[in-house]
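Novice: Sharing my_file_16.cif (mmCIF, C-alpha atoms) below.
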```cif
data_work
loop_
_atom_site.group_PDB
_atom_site.id
_atom_site.type_symbol
_atom_site.label_atom_id
_atom_site.label_comp_id
_atom_site.auth_asym_id
_atom_site.auth_seq_id
_atom_site.Cartn_x
_atom_site.Cartn_y
_atom_site.Cartn_z
ATOM 1 C CA MET A 15 105.879 147.624 118.562
ATOM 2 C CA ALA A 16 109.164 146.057 119.682
ATOM 3 C CA TYR A 17 109.466 144.110 122.947
ATOM 4 C CA ILE A 18 112.373 143.130 125.178
ATOM 5 C CA GLY A 19 112.040 139.425 125.814
ATOM 6 C CA LYS A 20 108.986 137.398 124.855
ATOM 7 C CA GLN A 21 106.163 139.291 123.126
ATOM 8 C CA PRO A 22 102.920 139.275 125.178
ATOM 9 C CA VAL A 23 100.166 136.919 124.066
ATOM 10 C CA ILE A 24 97.115 138.657 122.596
ATOM 11 C CA GLY A 25 93.988 138.165 124.700
ATOM 12 C CA ASN A 26 90.631 139.784 125.451
ATOM 13 C CA PHE A 27 90.721 142.339 128.274
ATOM 14 C CA VAL A 28 87.607 144.229 129.450
ATOM 15 C CA LYS A 29 87.729 147.403 131.544
ATOM 16 C CA LEU A 30 84.371 147.848 133.216
ATOM 17 C CA ASP A 31 82.501 151.116 133.681
ATOM 18 C CA SER A 32 83.468 153.342 136.605
ATOM 19 C CA ILE A 33 81.628 152.712 139.879
ATOM 20 C CA SER A 34 80.910 155.388 142.449
ATOM 21 C CA VAL A 35 81.283 154.338 146.061
ATOM 22 C CA VAL A 36 78.201 154.530 148.287
ATOM 23 C CA ASN A 37 78.895 154.968 152.011
ATOM 24 C CA GLY A 38 78.234 151.790 153.946
ATOM 25 C CA GLN A 39 77.645 149.644 150.843
ATOM 26 C CA ALA A 40 79.621 146.509 149.920
ATOM 27 C CA SER A 41 77.851 145.270 146.750
ATOM 28 C CA TYR A 42 77.907 147.008 143.353
ATOM 29 C CA THR A 43 76.632 146.280 139.856
ATOM 30 C CA MET A 44 79.308 145.703 137.217
ATOM 31 C CA GLN A 45 78.589 147.128 133.756
ATOM 32 C CA ASN A 46 80.369 147.316 130.411
ATOM 33 C CA GLY A 47 79.128 150.075 128.114
ATOM 34 C CA GLY A 48 76.083 150.571 130.306
ATOM 35 C CA ALA A 49 75.022 146.904 130.196
ATOM 36 C CA ASN A 50 75.302 144.483 133.092
ATOM 37 C CA PHE A 51 78.474 142.394 132.756
ATOM 38 C CA THR A 52 78.458 138.621 133.308
ATOM 39 C CA GLU A 53 80.885 137.353 130.657
ATOM 40 C CA TYR A 54 83.485 135.677 132.895
ATOM 41 C CA ALA A 55 84.201 132.207 134.212
ATOM 42 C CA ASN A 56 85.479 132.812 137.754
ATOM 43 C CA VAL A 57 86.584 135.479 140.209
ATOM 44 C CA ASN A 58 90.284 134.938 139.471
ATOM 45 C CA GLN A 59 89.853 136.737 136.129
ATOM 46 C CA PHE A 60 89.307 140.069 137.930
ATOM 47 C CA LEU A 61 91.850 142.792 138.642
ATOM 48 C CA VAL A 62 90.238 145.199 141.135
ATOM 49 C CA SER A 63 91.976 148.304 142.466
ATOM 50 C CA LEU A 64 90.551 149.964 145.611
ATOM 51 C CA ASN A 65 92.212 153.112 146.860
ATOM 52 C CA GLY A 66 95.218 152.363 144.672
ATOM 53 C CA ILE A 67 95.673 148.834 146.080
ATOM 54 C CA LEU A 68 94.988 145.627 144.112
ATOM 55 C CA GLN A 69 92.489 143.439 145.921
ATOM 56 C CA SER A 70 92.774 139.690 146.416
ATOM 57 C CA PRO A 71 90.022 137.670 144.649
ATOM 58 C CA THR A 72 87.782 135.714 147.061
ATOM 59 C CA ASP A 73 89.564 137.177 150.118
ATOM 60 C CA SER A 74 88.825 140.871 149.421
ATOM 61 C CA PHE A 75 85.876 140.513 147.033
ATOM 62 C CA THR A 76 83.609 137.992 145.333
ATOM 63 C CA VAL A 77 81.527 138.118 142.160
ATOM 64 C CA SER A 78 78.145 136.644 141.330
ATOM 65 C CA GLY A 79 76.314 137.392 138.113
ATOM 66 C CA SER A 80 76.816 141.112 137.472
ATOM 67 C CA THR A 81 77.448 141.890 141.162
ATOM 68 C CA ILE A 82 80.810 142.456 142.866
ATOM 69 C CA THR A 83 80.778 142.299 146.653
ATOM 70 C CA PHE A 84 83.648 143.553 148.791
ATOM 71 C CA ALA A 85 84.573 141.826 152.038
ATOM 72 C CA SER A 86 83.452 144.888 154.029
ATOM 73 C CA ASN A 87 81.306 147.952 153.438
ATOM 74 C CA LEU A 88 83.024 150.804 151.600
ATOM 75 C CA LEU A 89 83.039 154.273 153.131
ATOM 76 C CA THR A 90 82.838 157.807 151.822
ATOM 77 C CA GLY A 91 86.245 158.679 150.409
ATOM 78 C CA ASP A 92 86.971 155.153 149.161
ATOM 79 C CA VAL A 93 87.629 154.963 145.427
ATOM 80 C CA ILE A 94 87.195 151.980 143.128
ATOM 81 C CA ASP A 95 90.022 152.869 140.735
ATOM 82 C CA PHE A 96 89.191 150.234 138.120
ATOM 83 C CA ILE A 97 87.867 146.731 137.490
ATOM 84 C CA ILE A 98 89.549 144.845 134.636
ATOM 85 C CA VAL A 99 88.448 141.377 133.562
ATOM 86 C CA LEU A 100 91.106 139.186 131.930
ATOM 87 C CA GLY A 101 90.512 136.495 129.308
ATOM 88 C CA ASN A 102 86.833 136.850 128.539
ATOM 89 C CA THR A 103 85.746 133.212 128.119
ATOM 90 C CA LEU A 104 83.440 134.098 125.193
ATOM 91 C CA ASP A 105 86.307 135.608 123.189
ATOM 92 C CA VAL A 106 89.714 134.127 123.974
ATOM 93 C CA GLY A 107 91.452 135.931 121.138
ATOM 94 C CA VAL A 108 93.900 134.349 118.668
ATOM 95 C CA PRO A 109 96.162 131.541 120.007
ATOM 96 C CA SER A 110 99.881 132.072 119.581
ATOM 97 C CA ASP A 111 101.603 130.068 116.843
ATOM 98 C CA ASN A 112 102.465 126.443 117.710
ATOM 99 C CA THR A 113 100.472 126.473 120.977
ATOM 100 C CA VAL A 114 97.536 124.169 120.084
ATOM 101 C CA SER A 115 98.407 120.485 120.581
ATOM 102 C CA LEU A 116 96.540 117.433 119.257
ATOM 103 C CA ALA A 117 95.296 116.765 122.776
ATOM 104 C CA LYS A 118 93.300 120.019 122.625
ATOM 105 C CA LEU A 119 91.336 118.922 119.550
ATOM 106 C CA THR A 120 87.901 117.291 119.822
ATOM 107 C CA ALA A 121 88.330 115.265 116.615
ATOM 108 C CA THR A 122 87.435 111.585 116.730
ATOM 109 C CA GLY A 123 89.567 108.692 115.511
ATOM 110 C CA THR A 124 93.184 107.734 116.145
ATOM 111 C CA LYS A 125 95.735 110.557 116.097
ATOM 112 C CA ASP A 126 99.121 109.165 114.988
ATOM 113 C CA SER A 127 101.727 109.339 112.213
ATOM 114 C CA THR A 128 99.577 107.262 109.813
ATOM 115 C CA THR A 129 96.409 109.426 109.960
ATOM 116 C CA PHE A 130 95.351 112.914 108.930
ATOM 117 C CA LEU A 131 92.606 115.314 110.097
ATOM 118 C CA ARG A 132 89.691 115.382 107.649
ATOM 119 C CA GLY A 133 87.257 118.186 106.986
ATOM 120 C CA ASP A 134 84.566 116.431 109.061
ATOM 121 C CA ASN A 135 86.812 116.681 112.165
ATOM 122 C CA THR A 136 87.803 113.018 112.188
ATOM 123 C CA PHE A 137 91.226 111.398 111.945
ATOM 124 C CA ALA A 138 91.549 108.774 109.215
ATOM 125 C CA GLU A 139 94.194 106.937 107.219
ATOM 126 C CA ALA A 140 94.962 107.971 103.673
ATOM 127 C CA GLY A 141 92.538 106.709 101.043
ATOM 128 C CA GLY A 142 92.837 103.590 98.898
ATOM 129 C CA GLY A 143 95.683 102.971 96.503
ATOM 130 C CA LYS A 144 98.453 103.007 99.102
ATOM 131 C CA VAL A 145 101.181 100.421 98.436
ATOM 132 C CA LEU A 146 101.616 98.263 101.547
ATOM 133 C CA GLN A 147 104.180 95.654 100.444
ATOM 134 C CA VAL A 148 106.015 94.423 97.342
ATOM 135 C CA VAL A 149 107.313 90.886 96.711
ATOM 136 C CA THR A 150 109.375 90.052 93.598
ATOM 137 C CA ALA A 151 110.877 86.891 92.088
ATOM 138 C CA THR A 152 113.276 86.752 89.115
ATOM 139 C CA ASP A 153 114.712 84.030 86.878
ATOM 140 C CA GLY A 154 117.459 84.260 84.295
ATOM 141 C CA THR A 155 117.443 80.638 83.125
ATOM 142 C CA GLU A 156 115.705 79.495 79.937
ATOM 143 C CA ARG A 157 112.845 77.066 80.675
ATOM 144 C CA THR A 158 111.146 74.724 78.202
ATOM 145 C CA THR A 159 108.182 72.353 78.146
ATOM 146 C CA THR A 160 106.534 69.912 75.757
ATOM 147 C CA SER A 161 103.437 69.621 77.951
ATOM 148 C CA SER A 162 100.005 70.564 76.597
ATOM 149 C CA SER A 163 98.910 71.291 80.199
ATOM 150 C CA PHE A 164 100.156 74.257 82.196
ATOM 151 C CA VAL A 165 103.339 73.541 84.148
ATOM 152 C CA THR A 166 105.563 75.658 86.382
ATOM 153 C CA GLY A 167 108.431 77.113 84.453
ATOM 154 C CA SER A 168 110.567 77.448 87.557
ATOM 155 C CA ASN A 169 110.152 77.563 91.301
ATOM 156 C CA THR A 170 112.036 80.863 91.155
ATOM 157 C CA LEU A 171 109.092 82.556 89.375
ATOM 158 C CA SER A 172 106.884 82.067 92.422
ATOM 159 C CA VAL A 173 106.059 84.546 95.189
ATOM 160 C CA ASN A 174 104.344 84.251 98.573
ATOM 161 C CA ILE A 175 102.431 87.219 99.972
ATOM 162 C CA THR A 176 100.142 87.655 103.000
ATOM 163 C CA PRO A 177 97.565 90.467 102.671
ATOM 164 C CA SER A 178 97.054 92.654 105.744
ATOM 165 C CA SER A 179 93.298 93.080 105.084
ATOM 166 C CA THR A 180 90.603 91.094 103.295
ATOM 167 C CA SER A 181 89.585 94.231 101.382
ATOM 168 C CA ASN A 182 93.022 94.869 99.883
ATOM 169 C CA LYS A 183 94.041 94.049 96.310
ATOM 170 C CA ILE A 184 97.101 92.285 94.904
ATOM 171 C CA LEU A 185 98.524 93.746 91.681
ATOM 172 C CA LEU A 186 100.475 91.109 89.729
ATOM 173 C CA ILE A 187 103.066 92.143 87.135
ATOM 174 C CA MET A 188 104.855 89.484 85.070
ATOM 175 C CA SER A 189 107.377 90.110 82.284
ATOM 176 C CA SER A 190 109.411 87.628 80.275
ATOM 177 C CA THR A 191 110.162 86.385 76.773
ATOM 178 C CA GLY A 192 108.649 83.293 75.188
ATOM 179 C CA ARG A 193 108.454 81.206 72.049
ATOM 180 C CA GLY A 194 106.186 78.503 70.721
ATOM 181 C CA GLY A 195 107.344 75.557 68.622
ATOM 182 C CA SER A 196 107.307 75.519 64.841
ATOM 183 C CA GLY A 197 103.684 75.747 63.762
ATOM 184 C CA SER A 198 102.560 76.088 67.391
ATOM 185 C CA ASN A 199 101.942 78.791 70.007
ATOM 186 C CA GLY A 200 103.171 78.957 73.578
ATOM 187 C CA PHE A 201 100.565 79.900 76.189
ATOM 188 C CA TYR A 202 101.459 81.700 79.458
ATOM 189 C CA THR A 203 99.528 82.480 82.655
ATOM 190 C CA ILE A 204 99.668 83.060 86.432
ATOM 191 C CA PHE A 205 98.295 80.587 88.975
ATOM 192 C CA LYS A 206 97.080 81.470 92.486
ATOM 193 C CA ASP A 207 97.336 78.617 94.998
ATOM 194 C CA GLY A 208 97.068 76.148 92.122
ATOM 195 C CA SER A 209 94.192 77.845 90.264
ATOM 196 C CA ASN A 210 94.591 79.533 86.894
ATOM 197 C CA LEU A 211 93.832 83.269 87.039
ATOM 198 C CA GLY A 212 93.604 83.478 83.243
ATOM 199 C CA ASN A 213 91.570 81.615 80.648
ATOM 200 C CA ALA A 214 91.575 77.935 81.575
ATOM 201 C CA SER A 215 92.754 76.898 78.093
ATOM 202 C CA ASN A 216 95.009 79.683 76.929
ATOM 203 C CA GLY A 217 95.912 81.570 80.072
ATOM 204 C CA PHE A 218 96.537 85.280 79.530
ATOM 205 C CA THR A 219 98.818 85.445 76.489
ATOM 206 C CA LEU A 220 100.684 83.486 73.836
ATOM 207 C CA ALA A 221 103.998 83.759 72.018
ATOM 208 C CA ASP A 222 104.284 84.050 68.256
ATOM 209 C CA THR A 223 104.630 80.794 66.354
ATOM 210 C CA GLY A 224 108.251 79.675 66.223
ATOM 211 C CA THR A 225 109.694 83.097 67.150
ATOM 212 C CA SER A 226 110.658 84.804 70.397
ATOM 213 C CA SER A 227 108.481 87.631 71.672
ATOM 214 C CA GLY A 228 107.984 89.644 74.822
ATOM 215 C CA ILE A 229 105.397 88.511 77.358
ATOM 216 C CA ALA A 230 103.698 90.904 79.788
ATOM 217 C CA ILE A 231 100.863 90.062 82.180
ATOM 218 C CA ASN A 232 99.202 92.588 84.525
ATOM 219 C CA TYR A 233 96.405 91.346 86.762
ATOM 220 C CA LEU A 234 94.612 92.893 89.751
ATOM 221 C CA ASP A 235 93.521 90.147 92.120
ATOM 222 C CA SER A 236 90.991 90.415 94.959
ATOM 223 C CA PRO A 237 92.021 87.554 97.260
ATOM 224 C CA SER A 238 89.627 88.443 100.146
ATOM 225 C CA THR A 239 91.893 86.777 102.699
ATOM 226 C CA THR A 240 94.620 87.512 105.223
ATOM 227 C CA SER A 241 96.241 84.087 104.735
ATOM 228 C CA GLN A 242 99.412 83.548 102.730
ATOM 229 C CA ILE A 243 98.911 83.259 98.955
ATOM 230 C CA THR A 244 101.267 81.701 96.411
ATOM 231 C CA TYR A 245 101.380 83.103 92.875
ATOM 232 C CA ASP A 246 103.491 81.407 90.188
ATOM 233 C CA VAL A 247 104.046 81.600 86.418
ATOM 234 C CA ARG A 248 103.075 78.606 84.262
ATOM 235 C CA PHE A 249 103.125 77.841 80.530
ATOM 236 C CA ARG A 250 102.283 75.152 78.005
ATOM 237 C CA ILE A 251 102.712 74.207 74.347
ATOM 238 C CA GLY A 252 99.862 74.775 71.906
ATOM 239 C CA THR A 253 100.416 71.644 69.778
ATOM 240 C CA SER A 254 101.489 68.198 70.968
ATOM 241 C CA GLY A 255 105.060 67.332 70.030
ATOM 242 C CA GLN A 256 106.256 70.960 70.010
ATOM 243 C CA THR A 257 108.389 72.797 72.580
ATOM 244 C CA ALA A 258 107.462 76.073 74.249
ATOM 245 C CA VAL A 259 110.086 78.357 75.777
ATOM 246 C CA LEU A 260 109.759 80.567 78.870
ATOM 247 C CA GLN A 261 112.521 83.063 79.373
ATOM 248 C CA LYS A 262 114.954 83.144 76.477
ATOM 249 C CA GLN A 263 118.621 82.817 77.411
ATOM 250 C CA ASN A 264 120.494 85.990 78.452
ATOM 251 C CA CYS A 265 117.237 87.653 79.587
ATOM 252 C CA THR A 266 115.592 87.907 83.010
ATOM 253 C CA ALA A 267 111.971 87.079 83.792
ATOM 254 C CA SER A 268 110.187 88.568 86.789
ATOM 255 C CA LEU A 269 106.976 88.196 88.774
ATOM 256 C CA THR A 270 105.975 90.964 91.196
ATOM 257 C CA ALA A 271 103.083 90.994 93.685
ATOM 258 C CA ILE A 272 102.067 94.374 95.132
ATOM 259 C CA GLU A 273 99.551 94.703 97.967
ATOM 260 C CA VAL A 274 97.396 97.824 97.495
ATOM 261 C CA SER A 275 95.064 99.143 100.190
ATOM 262 C CA ALA A 276 91.370 99.265 99.355
#
```
Can you turn what I pasted into structure tokens?

Specialist:
Amino acid sequence: MAYIGKQPVIGNFVKLDSISVVNGQASYTMQNGGANFTEYANVNQFLVSLNGILQSPTDSFTVSGSTITFASNLLTGDVIDFIIVLGNTLDVGVPSDNTVSLAKLTATGTKDSTTFLRGDNTFAEAGGGKVLQVVTATDGTERTTTSSSFVTGSNTLSVNITPSSTSNKILLIMSSTGRGGSGSNGFYTIFKDGSNLGNASNGFTLADTGTSSGIAINYLDSPSTTSQITYDVRFRIGTSGQTAVLQKQNCTASLTAIEVSA
């Protein structure tokens, strides 16, 4: 059916059974389908017509349980035209689209742009695996060492990151090129605040003897802190007297730290 203007909202409307007036009586029993009617919240839900005139709730009549009581006794010849109850509180019908706000929900938790409503009627943030921050350092200069102990290749392959929660992880991704000396390997690793995250002797990886090769290190760290952490790339020679290379000329090395929510 078409409407001029705004379409009426669907609700639950109850027309009660007809009531015959008794001379000198003010109170009557309300019924719906032959059963006493009590499914309402307050008197303001009632539309009552007496002798063709709508009556004022509270002023002209009151309701209690299944009884309606007029302000004065009705007389022979009076007619209760109808009693209609609006918005039955036990069946409010279907809400119109876009009319239920977050404030009307009983869900627990914080309702904001970072949370969603779960099936258990609670608001929560998205699950683990969410990337919170990314810090990257790059270096395009060839670095060399003759040390048999791990040394920093360059201050530029160092990143500082401060986790937002002790339960979060830090994913480390390092890529470069490297080369050991003739007859020797080059060993490469990542240090966290001065401690080797790889094997104490050989780190994570090594370069082929005397030739250049790609180096890739992926490591998921569990720092368990909300203090700043420093990660840096270090390397060493495998045999005394040889030279190890980190980052061959005309290439770019990188170290990336990614904070991932638990």

Novice: Figure out the distance between atom CA of Val99 of chain A and atom CA of Ser70 of chain A, please, to one decimal in Å.

Specialist: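 Interatomic distance, atom CA of Ser70 of chain A to atom CA of Val99 of chain A: 13.7 Å.
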
Novice: Decode the PyMOL selection byres ((chain A and resi 66) around 10) for the given file into explicit residues and return them as an NGL selection string.

Specialist: :A and (62-65 or 67-69 or 92-96)

Novice: Compile the contact shell of Thr240 of chain A as a PyMOL selection string: residues with an atom at most 9 Å away, counting all atoms listed in the file, same-chain residues fewer than 5 positions apart removed.

Specialist: chain A and resi 176-180

Novice: So that I have them on file, write out the residues from the current selection with C-alpha atoms, as a compact mmCIF listing (two decimals), keeping the file's coordinate frame.

Specialist:
```txt
# COMPACT_ATOMS: atom_id res chain seq x y z
CA THR A 176 100.14 87.66 103.00
CA PRO A 177 97.56 90.47 102.67
CA SER A 178 97.05 92.65 105.74
CA SER A 179 93.30 93.08 105.08
CA THR A 180 90.60 91.09 103.30
```

Novice: Just give me the gap between atom CA of Thr223 of chain A and atom CA of Ser168 of chain A in Å, one decimal is fine.

Specialist: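 Atom CA of Thr223 of chain A sits 22.3 Å away from atom CA of Ser168 of chain A.
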
Novice: Give me the residues near Ala221 of chain A as an NGL selection string, where near means some atom within 8 Å (using all atoms listed in the file) and where sequence neighbours in that chain fewer than 6 positions away do not count.

Specialist: :A and (192-194 or 199-201 or 227-229)

Novice: Suppose you want the space between atom CA of Ile175 of chain A and atom CA of Leu146 of chain A; what is it in Å?

Specialist: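 Interatomic distance here is 11.2 Å.
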
Novice: If we count all atoms listed in the file and set the cut-off at 6 Å, which residues sit around Ala151 of chain A, ignoring sequence neighbours fewer than 6 positions away in its own chain? Please answer as a list in words.

Specialist: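 Listing them by chain and then by number gives Leu171, Ser268 and Leu269 of chain A.
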
Novice: For Asn213 of chain A, work out the shell of residues within 12 Å, counting only C-alpha atoms and skipping chain neighbours fewer than 2 positions away, then give it as a list in words.

Specialist: Phe164, Phe201, Tyr202, Thr203, Ile204, Phe205, Ser209, Asn210, Leu211, Ser215, Asn216, Gly217, Phe218, Thr219 and Leu220 of chain A

Novice: Is it possible to add N, CA and C atoms to segment 240-276 of chain A and hand it back as a short mmCIF file (atom, residue, chain, number, x, y, z; two decimals), in the coordinates of the input?

Specialist:
```
data_model
loop_
_atom_site.label_atom_id
_atom_site.label_comp_id
_atom_site.auth_asym_id
_atom_site.auth_seq_id
_atom_site.Cartn_x
_atom_site.Cartn_y
_atom_site.Cartn_z
N THR A 240 93.40 87.04 104.56
CA THR A 240 94.62 87.51 105.22
C THR A 240 95.59 86.34 105.43
N SER A 241 95.34 85.24 104.70
CA SER A 241 96.24 84.09 104.74
C SER A 241 97.26 84.21 103.62
N GLN A 242 98.36 83.50 103.75
CA GLN A 242 99.41 83.55 102.73
C GLN A 242 98.90 83.00 101.40
N ILE A 243 99.28 83.66 100.31
CA ILE A 243 98.91 83.26 98.96
C ILE A 243 100.18 83.00 98.15
N THR A 244 100.15 81.98 97.30
CA THR A 244 101.27 81.70 96.41
C THR A 244 100.85 81.95 94.97
N TYR A 245 101.58 82.84 94.30
CA TYR A 245 101.38 83.10 92.88
C TYR A 245 102.60 82.57 92.12
N ASP A 246 102.36 81.89 90.99
CA ASP A 246 103.49 81.41 90.19
C ASP A 246 103.15 81.45 88.70
N VAL A 247 104.20 81.53 87.87
CA VAL A 247 104.05 81.60 86.42
C VAL A 247 104.05 80.19 85.84
N ARG A 248 103.12 79.92 84.90
CA ARG A 248 103.08 78.61 84.26
C ARG A 248 102.88 78.79 82.75
N PHE A 249 103.27 77.76 81.99
CA PHE A 249 103.12 77.84 80.53
C PHE A 249 102.92 76.44 79.95
N ARG A 250 102.50 76.42 78.68
CA ARG A 250 102.28 75.15 78.00
C ARG A 250 102.47 75.34 76.50
N ILE A 251 102.60 74.19 75.80
CA ILE A 251 102.71 74.21 74.35
C ILE A 251 101.31 74.20 73.74
N GLY A 252 101.16 74.75 72.55
CA GLY A 252 99.86 74.78 71.91
C GLY A 252 99.56 73.52 71.11
N THR A 253 100.60 72.84 70.60
CA THR A 253 100.42 71.64 69.78
C THR A 253 101.29 70.52 70.30
N SER A 254 100.74 69.34 70.46
CA SER A 254 101.49 68.20 70.97
C SER A 254 102.71 67.93 70.09
N GLY A 255 103.83 67.62 70.74
CA GLY A 255 105.06 67.33 70.03
C GLY A 255 105.96 68.54 69.83
N GLN A 256 105.46 69.74 70.13
CA GLN A 256 106.26 70.96 70.01
C GLN A 256 106.86 71.33 71.36
N THR A 257 107.73 72.33 71.36
CA THR A 257 108.39 72.80 72.58
C THR A 257 108.14 74.29 72.75
N ALA A 258 107.66 74.66 73.92
CA ALA A 258 107.46 76.07 74.25
C ALA A 258 108.59 76.53 75.16
N VAL A 259 108.97 77.79 75.01
CA VAL A 259 110.09 78.36 75.78
C VAL A 259 109.58 79.49 76.68
N LEU A 260 110.00 79.46 77.93
CA LEU A 260 109.76 80.57 78.87
C LEU A 260 111.11 81.13 79.27
N GLN A 261 111.31 82.36 79.01
CA GLN A 261 112.52 83.06 79.37
C GLN A 261 113.71 82.65 78.50
N LYS A 262 113.84 83.35 77.39
CA LYS A 262 114.95 83.14 76.48
C LYS A 262 116.27 83.39 77.19
N GLN A 263 117.30 82.66 76.80
CA GLN A 263 118.62 82.82 77.41
C GLN A 263 119.09 84.27 77.34
N ASN A 264 119.89 84.65 78.35
CA ASN A 264 120.49 85.99 78.45
C ASN A 264 119.46 87.10 78.75
N CYS A 265 118.25 86.69 79.15
CA CYS A 265 117.24 87.65 79.59
C CYS A 265 116.79 87.28 81.00
N THR A 266 116.07 88.16 81.65
CA THR A 266 115.59 87.91 83.01
C THR A 266 114.09 88.07 83.07
N ALA A 267 113.42 87.02 83.58
CA ALA A 267 111.97 87.08 83.79
C ALA A 267 111.71 87.53 85.22
N SER A 268 110.54 88.12 85.44
CA SER A 268 110.19 88.57 86.79
C SER A 268 108.70 88.44 87.04
N LEU A 269 108.36 88.21 88.31
CA LEU A 269 106.98 88.20 88.77
C LEU A 269 106.93 89.02 90.05
N THR A 270 106.07 90.05 90.04
CA THR A 270 105.98 90.96 91.20
C THR A 270 104.54 90.99 91.71
N ALA A 271 104.39 90.88 93.03
CA ALA A 271 103.08 90.99 93.68
C ALA A 271 103.10 92.22 94.59
N ILE A 272 102.13 93.11 94.38
CA ILE A 272 102.07 94.37 95.13
C ILE A 272 100.73 94.44 95.87
N GLU A 273 100.78 94.54 97.20
CA GLU A 273 99.55 94.70 97.97
C GLU A 273 99.15 96.18 97.99
N VAL A 274 97.90 96.45 97.58
CA VAL A 274 97.40 97.82 97.50
C VAL A 274 96.19 97.94 98.42
N SER A 275 96.18 98.97 99.27
CA SER A 275 95.06 99.14 100.19
C SER A 275 93.79 99.48 99.44
N ALA A 276 92.66 99.05 100.01
CA ALA A 276 91.37 99.26 99.36
C ALA A 276 90.98 100.73 99.39
#
```
